[in-house]
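Below: one structure, written as structure tokens.
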Amino acid sequence: MAATAEVSRHRGGVGRVGSITRTRRKALIWSYVFLVIFVIFFLTPPLYMLITSLKSSGEIAGATNPWFVFHPSLDNYVALLSQNVFLVFFRNSAVVR
């Protein structure tokens with residue numbers, strides 16, 4: 001293993017760590033860092049909408065922690081699905097003629 005690392009340093013000036021070169025390892029680490037940032041950036045709004053949908057109107061208007069649900073409730077979903085207008089709009093969006 002040591003001989004392989006020395007040979008690769010003499011050839012291209014790039015050392016090896018394990019089975020990949022150091023530059024490739026750094027690129028892989030940076031790609032994962034940016035992937036995590038990308039996932040956090042794009043999944044935060046849907047997560048916040050889900051959390052807010054489980055709150056009551058008073059809890060939404062209150063000055064409490066916006067990321068924590070103290071008293072979860074499905075009342076918002078019941079109210080939405082019991083409205084006839086929403087069901088018609090949803091059907092129009094789901095059915096393509």
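Each chain in the structure tokens gets a letter, A, B, ..., in the order shown, and its residues are numbered from 1; ligands are numbered from 1 in order too.
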
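Across chain A, DSSP run on the backbone finds strand (DSSP E or B) at Arg16, Val17, Ile20 and Thr21 of chain A.
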
How would the residues just chosen look if you wrote them out with all heavy atoms as a PDB file, in the first residue's frame?
ATOM      1  N   ARG A  16      -2.912   9.008  -2.664  1.00  0.00           N
ATOM      2  CA  ARG A  16      -4.132   8.219  -2.530  1.00  0.00           C
ATOM      3  C   ARG A  16      -4.474   8.046  -1.064  1.00  0.00           C
ATOM      4  O   ARG A  16      -3.611   7.913  -0.231  1.00  0.00           O
ATOM      5  CB  ARG A  16      -3.973   6.851  -3.177  1.00  0.00           C
ATOM      6  CG  ARG A  16      -3.926   6.897  -4.667  1.00  0.00           C
ATOM      7  CD  ARG A  16      -3.956   5.478  -5.216  1.00  0.00           C
ATOM      8  NE  ARG A  16      -4.097   5.500  -6.646  1.00  0.00           N
ATOM      9  CZ  ARG A  16      -5.268   5.423  -7.272  1.00  0.00           C
ATOM     10  NH1 ARG A  16      -6.364   5.286  -6.605  1.00  0.00           N
ATOM     11  NH2 ARG A  16      -5.326   5.463  -8.577  1.00  0.00           N
ATOM     12  N   VAL A  17      -5.763   8.051  -0.787  1.00  0.00           N
ATOM     13  CA  VAL A  17      -6.271   7.730   0.535  1.00  0.00           C
ATOM     14  C   VAL A  17      -7.230   6.573   0.322  1.00  0.00           C
ATOM     15  O   VAL A  17      -8.300   6.752  -0.245  1.00  0.00           O
ATOM     16  CB  VAL A  17      -7.009   8.929   1.177  1.00  0.00           C
ATOM     17  CG1 VAL A  17      -7.600   8.535   2.511  1.00  0.00           C
ATOM     18  CG2 VAL A  17      -6.080  10.105   1.315  1.00  0.00           C
ATOM     19  N   ILE A  20      -9.308   5.808  -3.419  1.00  0.00           N
ATOM     20  CA  ILE A  20      -9.543   6.960  -4.295  1.00  0.00           C
ATOM     21  C   ILE A  20      -8.494   8.032  -4.029  1.00  0.00           C
ATOM     22  O   ILE A  20      -7.885   8.082  -2.961  1.00  0.00           O
ATOM     23  CB  ILE A  20     -10.960   7.551  -4.099  1.00  0.00           C
ATOM     24  CG1 ILE A  20     -11.179   8.045  -2.676  1.00  0.00           C
ATOM     25  CG2 ILE A  20     -12.010   6.554  -4.478  1.00  0.00           C
ATOM     26  CD1 ILE A  20     -12.504   8.747  -2.478  1.00  0.00           C
ATOM     27  N   THR A  21      -8.308   8.892  -5.001  1.00  0.00           N
ATOM     28  CA  THR A  21      -7.319   9.958  -4.841  1.00  0.00           C
ATOM     29  C   THR A  21      -7.842  11.018  -3.878  1.00  0.00           C
ATOM     30  O   THR A  21      -9.034  11.112  -3.611  1.00  0.00           O
ATOM     31  CB  THR A  21      -7.015  10.613  -6.202  1.00  0.00           C
ATOM     32  OG1 THR A  21      -8.212  11.212  -6.690  1.00  0.00           O
ATOM     33  CG2 THR A  21      -6.466   9.610  -7.185  1.00  0.00           C
TER      34      THR A  21
END

Mind pulling up the distance from CA of Leu81 (chain A) to CA of Thr52 (chain A)?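 Computing the Euclidean distance for CA of Thr52 (chain A) and CA of Leu81 (chain A) yields 16.9 Å.
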
Out of region 4-95 of chain A, which residues get alpha helix (DSSP H) from DSSP, as an MDAnalysis selection string? chainID A and resid 4:12 22:53 57:61 75:81 84:94

Can you tell me, as a ChimeraX atom specification, what residues are no more than 12 Å from region 53-69 of chain A when counting only C-alpha atoms, ignoring any on the same chain fewer than 5 positions away? /A:44-48,74-80

Go ahead and compute the interatomic distance for CA of Pro72 (chain A) and CA of Ile51 (chain A), in Å to one decimal.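 Spanning CA of Pro72 (chain A) to CA of Ile51 (chain A) is a straight-line distance of 8.8 Å.
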